[in-house]
Each structure stands twice: as structure tokens, then as C-alpha cells.
Amino acid sequence: MIMKTSLVAAFVAVMSAMGTQAHVGLKTPCGRGQPAAGCPAPPPGSGFDYDINSPIGTHDSINKPICRNTVPYTNRKVYRAGETINTDYSVGASHGGGHCQWALSYDEGKTWVVIKTMIRDCLKGVAGGQAYTVPVQIPANAPSGKVTFQWIWHNAIGNREMYSNCADIEIQGVNGGSISGVEPLYANYGPSSVYIPEFPGADMPDNHEAFANRKAITIRAPGSGSAPDPKPTTTTPSPKPTPKPTTPSPKPTKTTSTKKPVKPTKTITKKPVKPTKTPSKKPSKPSMTKTCIWKPIKPTKAPKLDGY
């Protein structure tokens, strides 16, 4: 019984290892559930994903959510805005390469903005078990905050599939900054999705035109370094004070006058005349009638007349 149990356990381990190497999965930064050495233990409520290299859907069905594993990690590697991440992958089968996209989300996967796209050449010519690295630069104006980093792959050969892994990182960037770009293209992910056919030859159609039709988007996220980001709030501008209503004063009405306007007369300003000195006169005697005092006149002798 013990031997039988051991054989079953060994078979499960081998199958898990084979599942991990079956296709391709994101290893750096560590995808959620990545069992590769050097990746952190999964958070409570989740476990290692030994099938992390498998597709999340085909054009016929959706098998897993966009990030494959939905529980975010609390242990996050910190990157600076403008820094280049040398992404690394666990490769089992590269299926002739294909199209790859890398995107960021600041709201736990509700909205995404693509920061890098590779058409046809992603994973091209890579053998199983071979190391494969793609440099992906974080935009220099990326906001600070806790971020979900996503990798998406549409294979060139084989079943029409889509692969995707997500890693939880932290960016130290611009407080209140923004990133503008396009939304990711999720093709071969359910019957209503865009269809990308097989394109093993260089001259075969690969529907790369669909990538040119991706919707433009701008992501803004407040944050400050390693501090937790507050939930985005909508700021309502304070209303401007309404001026008190004023009653307009009536315009003065013009009075029509029949009289011709009189030219204003010039006002002649006389220079002040200097006062002339009035010569001081001696006080004049009062002009009163003299009162005559009659003195007695002595009688004069009458002259003697000749002949009398």
C-alpha cells in the first residue's frame, strides 16, 4: 500500500513537472503561482500553479481568467519608473513564436495599458528548456503604486490559443503621474474574441492589423513611493461664488435742445493789484465854520472933509 502511494505521488510530481514545461510561462518577475526556484511562496488562499505554462483559453473557450491566478502576492519586487525589467520565461514549447504584449494595471486588472508589443518574433526559434529574456522598460512617467504586470502571448503554430501570466510588482515613480497607450488585444480567447490564424510561414497572414485597432487609454494613479495608494477619488471642483445680482442703472437719456449751444466765455483772471501806499496826510483842520468873536472896534475918527 505504501509502495502504491509512493508511485502515485511520483507520477503526480512527474506530470506536474511536465505540465510546467509544456508551453511557456512568466518566470521573472515571478508570475502568480510560479513554482520556479527563487519565486516567493503563494499567499494564503492560493498555491503553486504547476500548470502555469498552459494556455488560459482558445478561440472556442475561456478556461482561466485573464491573469490565470487571481490572488495577488503581498511580497512585491520594487522597480523604478524608467527602469528596464529583463523578463524571463520557463519555456517548454514555443510553438513557432508569435505575438506578445506586456501591460500594466493600477486597479487590480480592471484597466490595462500596453507598454510593449512584439509582432511575430516573440519566442521565435526558442527551443524547449532554453533560456529566453525580453527587456521591457517601465515608462519614465509611470505613477507610483502597487501594480499588476501582465504578459500575453498568441502562438504562431498549433491550436489557436492565448497565454497570460500576471506578476505583482511595485513602481516608484511619479506621484499622481499617468501613462498613455493602448489597451491589450485578447485574441483567441473565447468565440467572441478576435481570431488570429496559424502563421508558420513568413508570408502567411497573422492578423497583425488587429493590433493597430487597439483602443487608446490613459491610466492615472495617485501614489507615493512605497506607501499604499489611496483609492482613486473623483475631485469635484468647488463652485465659484455667484456674484450678487445688481440692478443696472438706467442710461441717461439725451435731452434735445433747440437752443444753440453757447460757447463758454473765457474768464479773465486779473492779476492782483498791489496796494499802493496812501501818503499819510497831516490831519486837516476840521472844516467847521469859524466862530467869530466880535471885538469892540474902537471908533475911528472921521476924517475931516474939506469944504464942510
# chains A, B, ... in the order shown; residues from 1 in each chain; ligands from 1

call {"tool": "residues_around", "arguments": {"residues": "Gly181 of chain A", "least_positions_apart": "5", "cutoff": "6 Å", "atoms": "only C-alpha atoms", "output": "PyMOL selection string"}}
result
chain A and resi 113+216-217

call {"tool": "write_last_selection", "arguments": {"atoms": "N, CA, C and O atoms", "output": "CSV table (one decimal), in the first residue's frame"}}
result
chain,number,residue,atom,x,y,z
A,113,VAL,N,-2.9,49.1,-19.6
A,113,VAL,CA,-2.2,49.9,-20.7
A,113,VAL,C,-1.0,49.1,-21.1
A,113,VAL,O,-0.2,48.7,-20.3
A,216,ALA,N,-7.2,53.4,-27.5
A,216,ALA,CA,-6.3,54.2,-26.8
A,216,ALA,C,-6.9,54.4,-25.3
A,216,ALA,O,-8.1,54.4,-25.1
A,217,ILE,N,-5.9,54.5,-24.4
A,217,ILE,CA,-6.3,54.6,-23.0
A,217,ILE,C,-5.2,55.4,-22.3
A,217,ILE,O,-4.0,55.4,-22.6

call {"tool": "residues_around", "arguments": {"residues": "Pro35 of chain A", "least_positions_apart": "2", "cutoff": "10 Å", "atoms": "only C-alpha atoms", "output": "number ranges by chain"}}
result
A: 17, 20, 27, 30-33, 37-42, 47-52

call {"tool": "atom_distance", "arguments": {"atom1": "atom CA of Tyr73 of chain A", "atom2": "atom CA of His23 of chain A"}}
result
23.4 Å

call {"tool": "atom_distance", "arguments": {"atom1": "atom CA of Val78 of chain A", "atom2": "atom CA of Gln172 of chain A"}}
result
7.2 Å

call {"tool": "residues_around", "arguments": {"residues": "segment 54-69 of chain A", "least_positions_apart": "2", "cutoff": "7 Å", "atoms": "only C-alpha atoms", "output": "PDB file with N, CA and C atoms, in the first residue's frame"}}
result
ATOM      1  N   ALA A  22       5.306  22.342 -20.439  1.00  0.00           N
ATOM      2  CA  ALA A  22       4.556  22.036 -21.655  1.00  0.00           C
ATOM      3  C   ALA A  22       4.587  23.178 -22.664  1.00  0.00           C
ATOM      4  N   HIS A  23       4.386  24.390 -22.225  1.00  0.00           N
ATOM      5  CA  HIS A  23       4.331  25.516 -23.155  1.00  0.00           C
ATOM      6  C   HIS A  23       5.271  26.624 -22.654  1.00  0.00           C
ATOM      7  N   VAL A  24       4.721  27.786 -22.242  1.00  0.00           N
ATOM      8  CA  VAL A  24       5.569  28.892 -21.771  1.00  0.00           C
ATOM      9  C   VAL A  24       4.847  29.612 -20.626  1.00  0.00           C
ATOM     10  N   ARG A  32       2.135  34.828 -10.808  1.00  0.00           N
ATOM     11  CA  ARG A  32       1.372  34.283  -9.680  1.00  0.00           C
ATOM     12  C   ARG A  32       1.314  32.752  -9.762  1.00  0.00           C
ATOM     13  N   ASP A  51       0.712  24.092 -13.546  1.00  0.00           N
ATOM     14  CA  ASP A  51       0.284  24.105 -14.941  1.00  0.00           C
ATOM     15  C   ASP A  51       0.348  25.532 -15.502  1.00  0.00           C
ATOM     16  N   ILE A  52       1.241  26.342 -14.912  1.00  0.00           N
ATOM     17  CA  ILE A  52       1.301  27.774 -15.228  1.00  0.00           C
ATOM     18  C   ILE A  52       1.682  28.041 -16.688  1.00  0.00           C
ATOM     19  N   VAL A  71      -5.345  35.738  -7.114  1.00  0.00           N
ATOM     20  CA  VAL A  71      -4.936  36.219  -5.783  1.00  0.00           C
ATOM     21  C   VAL A  71      -3.589  36.932  -5.901  1.00  0.00           C
ATOM     22  N   ARG A 160      -5.289  27.365 -31.727  1.00  0.00           N
ATOM     23  CA  ARG A 160      -5.401  28.829 -31.633  1.00  0.00           C
ATOM     24  C   ARG A 160      -5.664  29.201 -30.188  1.00  0.00           C
ATOM     25  N   GLU A 161      -4.559  29.547 -29.488  1.00  0.00           N
ATOM     26  CA  GLU A 161      -4.587  29.709 -28.038  1.00  0.00           C
ATOM     27  C   GLU A 161      -4.118  31.107 -27.624  1.00  0.00           C
ATOM     28  N   MET A 162      -4.388  31.415 -26.358  1.00  0.00           N
ATOM     29  CA  MET A 162      -3.830  32.619 -25.733  1.00  0.00           C
ATOM     30  C   MET A 162      -3.254  32.231 -24.375  1.00  0.00           C
ATOM     31  N   TYR A 163      -2.046  32.746 -24.108  1.00  0.00           N
ATOM     32  CA  TYR A 163      -1.358  32.513 -22.842  1.00  0.00           C
ATOM     33  C   TYR A 163      -1.251  33.841 -22.097  1.00  0.00           C
ATOM     34  N   SER A 164      -1.326  33.777 -20.776  1.00  0.00           N
ATOM     35  CA  SER A 164      -1.183  35.006 -19.983  1.00  0.00           C
ATOM     36  C   SER A 164      -0.806  34.663 -18.548  1.00  0.00           C
ATOM     37  N   ASN A 165       0.155  35.406 -18.031  1.00  0.00           N
ATOM     38  CA  ASN A 165       0.534  35.349 -16.614  1.00  0.00           C
ATOM     39  C   ASN A 165       0.615  36.766 -16.074  1.00  0.00           C
ATOM     40  N   CYS A 166       0.390  36.911 -14.778  1.00  0.00           N
ATOM     41  CA  CYS A 166       0.493  38.219 -14.123  1.00  0.00           C
ATOM     42  C   CYS A 166       1.438  38.136 -12.935  1.00  0.00           C
ATOM     43  N   ASN A 188      -8.149  34.999 -29.706  1.00  0.00           N
ATOM     44  CA  ASN A 188      -8.232  33.556 -29.474  1.00  0.00           C
ATOM     45  C   ASN A 188      -8.565  33.253 -28.005  1.00  0.00           C
ATOM     46  N   TYR A 189      -9.503  34.031 -27.484  1.00  0.00           N
ATOM     47  CA  TYR A 189      -9.902  33.900 -26.074  1.00  0.00           C
ATOM     48  C   TYR A 189     -11.439  33.924 -26.015  1.00  0.00           C
ATOM     49  N   GLY A 190     -12.012  32.819 -26.461  1.00  0.00           N
ATOM     50  CA  GLY A 190     -13.462  32.713 -26.499  1.00  0.00           C
ATOM     51  C   GLY A 190     -14.013  33.007 -27.889  1.00  0.00           C
ATOM     52  N   PRO A 191     -15.220  32.504 -28.163  1.00  0.00           N
ATOM     53  CA  PRO A 191     -15.796  32.632 -29.509  1.00  0.00           C
ATOM     54  C   PRO A 191     -16.007  34.071 -29.982  1.00  0.00           C
ATOM     55  N   SER A 193     -14.038  36.613 -29.391  1.00  0.00           N
ATOM     56  CA  SER A 193     -12.772  37.347 -29.464  1.00  0.00           C
ATOM     57  C   SER A 193     -12.261  37.406 -30.899  1.00  0.00           C
ATOM     58  N   TYR A 195      -9.905  36.649 -33.963  1.00  0.00           N
ATOM     59  CA  TYR A 195      -9.275  35.386 -34.362  1.00  0.00           C
ATOM     60  C   TYR A 195      -7.934  35.647 -35.034  1.00  0.00           C
TER      61      TYR A 195
END

call {"tool": "residues_around", "arguments": {"residues": "segment 133-148 of chain A", "least_positions_apart": "5", "cutoff": "6 Å", "atoms": "only C-alpha atoms", "output": "PDB file with N, CA and C atoms, in the first residue's frame"}}
result
ATOM      1  N   ALA A  81      10.434  53.858 -12.038  1.00  0.00           N
ATOM      2  CA  ALA A  81       9.951  54.322 -13.337  1.00  0.00           C
ATOM      3  C   ALA A  81      11.149  54.577 -14.246  1.00  0.00           C
ATOM      4  N   GLY A  82      11.068  54.112 -15.481  1.00  0.00           N
ATOM      5  CA  GLY A  82      12.183  54.225 -16.426  1.00  0.00           C
ATOM      6  C   GLY A  82      13.124  53.037 -16.400  1.00  0.00           C
ATOM      7  N   GLU A  83      12.998  52.178 -15.397  1.00  0.00           N
ATOM      8  CA  GLU A  83      13.877  51.010 -15.291  1.00  0.00           C
ATOM      9  C   GLU A  83      13.435  49.919 -16.275  1.00  0.00           C
ATOM     10  N   THR A  84      14.393  49.118 -16.733  1.00  0.00           N
ATOM     11  CA  THR A  84      14.101  48.018 -17.644  1.00  0.00           C
ATOM     12  C   THR A  84      14.039  46.704 -16.875  1.00  0.00           C
ATOM     13  N   ILE A  85      12.935  45.976 -17.062  1.00  0.00           N
ATOM     14  CA  ILE A  85      12.770  44.645 -16.466  1.00  0.00           C
ATOM     15  C   ILE A  85      13.225  43.608 -17.499  1.00  0.00           C
ATOM     16  N   ASN A  86      14.191  42.811 -17.154  1.00  0.00           N
ATOM     17  CA  ASN A  86      14.627  41.714 -18.035  1.00  0.00           C
ATOM     18  C   ASN A  86      13.725  40.507 -17.767  1.00  0.00           C
ATOM     19  N   THR A  87      12.580  40.480 -18.466  1.00  0.00           N
ATOM     20  CA  THR A  87      11.615  39.410 -18.244  1.00  0.00           C
ATOM     21  C   THR A  87      12.195  38.077 -18.708  1.00  0.00           C
ATOM     22  N   ASP A  88      11.881  37.028 -17.923  1.00  0.00           N
ATOM     23  CA  ASP A  88      12.424  35.697 -18.188  1.00  0.00           C
ATOM     24  C   ASP A  88      11.271  34.701 -18.196  1.00  0.00           C
ATOM     25  N   LEU A 104       0.411  47.035 -17.925  1.00  0.00           N
ATOM     26  CA  LEU A 104       0.364  47.388 -16.505  1.00  0.00           C
ATOM     27  C   LEU A 104      -1.064  47.738 -16.110  1.00  0.00           C
ATOM     28  N   SER A 105      -1.404  47.417 -14.857  1.00  0.00           N
ATOM     29  CA  SER A 105      -2.705  47.807 -14.294  1.00  0.00           C
ATOM     30  C   SER A 105      -2.492  48.337 -12.887  1.00  0.00           C
ATOM     31  N   TYR A 106      -3.162  49.456 -12.586  1.00  0.00           N
ATOM     32  CA  TYR A 106      -3.078  50.055 -11.250  1.00  0.00           C
ATOM     33  C   TYR A 106      -4.353  49.820 -10.441  1.00  0.00           C
ATOM     34  N   ALA A 167       2.198  39.203 -12.742  1.00  0.00           N
ATOM     35  CA  ALA A 167       3.107  39.319 -11.599  1.00  0.00           C
ATOM     36  C   ALA A 167       2.749  40.585 -10.834  1.00  0.00           C
ATOM     37  N   ASP A 168       2.960  40.540  -9.515  1.00  0.00           N
ATOM     38  CA  ASP A 168       2.657  41.694  -8.662  1.00  0.00           C
ATOM     39  C   ASP A 168       3.947  42.410  -8.321  1.00  0.00           C
ATOM     40  N   ILE A 169       4.050  43.666  -8.739  1.00  0.00           N
ATOM     41  CA  ILE A 169       5.255  44.462  -8.509  1.00  0.00           C
ATOM     42  C   ILE A 169       4.859  45.794  -7.885  1.00  0.00           C
ATOM     43  N   GLU A 170       5.860  46.578  -7.572  1.00  0.00           N
ATOM     44  CA  GLU A 170       5.635  47.944  -7.077  1.00  0.00           C
ATOM     45  C   GLU A 170       6.524  48.886  -7.880  1.00  0.00           C
ATOM     46  N   ILE A 171       5.972  50.024  -8.252  1.00  0.00           N
ATOM     47  CA  ILE A 171       6.726  51.014  -9.026  1.00  0.00           C
ATOM     48  C   ILE A 171       6.907  52.277  -8.194  1.00  0.00           C
ATOM     49  N   GLN A 172       8.136  52.736  -8.133  1.00  0.00           N
ATOM     50  CA  GLN A 172       8.430  54.029  -7.524  1.00  0.00           C
ATOM     51  C   GLN A 172       8.635  55.015  -8.663  1.00  0.00           C
ATOM     52  N   GLY A 173       7.649  55.859  -8.846  1.00  0.00           N
ATOM     53  CA  GLY A 173       7.689  56.765  -9.989  1.00  0.00           C
ATOM     54  C   GLY A 173       7.176  58.135  -9.663  1.00  0.00           C
ATOM     55  N   VAL A 174       6.279  58.611 -10.495  1.00  0.00           N
ATOM     56  CA  VAL A 174       5.745  59.965 -10.372  1.00  0.00           C
ATOM     57  C   VAL A 174       4.484  59.930  -9.534  1.00  0.00           C
ATOM     58  N   ASN A 175       4.427  60.758  -8.507  1.00  0.00           N
ATOM     59  CA  ASN A 175       3.218  60.846  -7.703  1.00  0.00           C
ATOM     60  C   ASN A 175       2.125  61.538  -8.515  1.00  0.00           C
ATOM     61  N   GLY A 176       1.025  60.823  -8.716  1.00  0.00           N
ATOM     62  CA  GLY A 176      -0.059  61.395  -9.498  1.00  0.00           C
ATOM     63  C   GLY A 176       0.214  61.440 -10.986  1.00  0.00           C
ATOM     64  N   GLY A 177       1.192  60.665 -11.463  1.00  0.00           N
ATOM     65  CA  GLY A 177       1.507  60.674 -12.890  1.00  0.00           C
ATOM     66  C   GLY A 177       0.495  59.872 -13.700  1.00  0.00           C
ATOM     67  N   SER A 178       0.778  59.684 -14.974  1.00  0.00           N
ATOM     68  CA  SER A 178      -0.140  58.961 -15.850  1.00  0.00           C
ATOM     69  C   SER A 178       0.643  58.269 -16.964  1.00  0.00           C
ATOM     70  N   ILE A 179       0.021  57.237 -17.539  1.00  0.00           N
ATOM     71  CA  ILE A 179       0.580  56.527 -18.686  1.00  0.00           C
ATOM     72  C   ILE A 179      -0.479  56.505 -19.775  1.00  0.00           C
ATOM     73  N   ALA A 221      -2.933  57.246 -11.677  1.00  0.00           N
ATOM     74  CA  ALA A 221      -2.993  56.601 -10.371  1.00  0.00           C
ATOM     75  C   ALA A 221      -2.215  57.415  -9.365  1.00  0.00           C
ATOM     76  N   GLY A 223      -0.222  58.108  -5.890  1.00  0.00           N
ATOM     77  CA  GLY A 223       0.600  57.238  -5.062  1.00  0.00           C
ATOM     78  C   GLY A 223       1.826  57.980  -4.594  1.00  0.00           C
ATOM     79  N   SER A 224       2.543  57.371  -3.682  1.00  0.00           N
ATOM     80  CA  SER A 224       3.753  57.989  -3.170  1.00  0.00           C
ATOM     81  C   SER A 224       4.732  56.909  -2.758  1.00  0.00           C
ATOM     82  N   GLY A 225       5.664  56.581  -3.661  1.00  0.00           N
ATOM     83  CA  GLY A 225       6.710  55.616  -3.335  1.00  0.00           C
ATOM     84  C   GLY A 225       6.141  54.289  -2.905  1.00  0.00           C
ATOM     85  N   ASP A 229      -1.386  53.116  -1.886  1.00  0.00           N
ATOM     86  CA  ASP A 229      -2.107  54.118  -2.649  1.00  0.00           C
ATOM     87  C   ASP A 229      -3.538  54.235  -2.162  1.00  0.00           C
TER      88      ASP A 229
END

call {"tool": "residues_around", "arguments": {"residues": "Gly158 of chain A", "least_positions_apart": "5", "cutoff": "10 Å", "atoms": "only C-alpha atoms", "output": "MDAnalysis selection string"}}
result
chainID A and resid 95:96 197:200

call {"tool": "atom_distance", "arguments": {"atom1": "atom CA of Glu209 of chain A", "atom2": "atom CA of Ile157 of chain A"}}
result
18.4 Å

call {"tool": "closest_residue", "arguments": {"among": "A:Phe149, A:Tyr79, A:Asp206, A:Arg220", "to": "Val194 of chain A", "atoms": "only C-alpha atoms"}}
result
A:Asp206

call {"tool": "select_by_dssp", "arguments": {"residues": "segment 90-228 of chain A", "states": "helix (DSSP H, G or I)", "output": "number ranges by chain"}}
result
A: 209-212

call {"tool": "closest_residue", "arguments": {"among": "A:Gly125, A:Pro184, A:Asn213, A:Lys77", "to": "Gly109 of chain A", "atoms": "only C-alpha atoms"}}
result
A:Pro184

call {"tool": "select_by_dssp", "arguments": {"residues": "segment 87-116 of chain A", "states": "strand (DSSP E)", "output": "VMD selection string"}}
result
chain A and resid 87 to 91 98 to 105 113 to 116
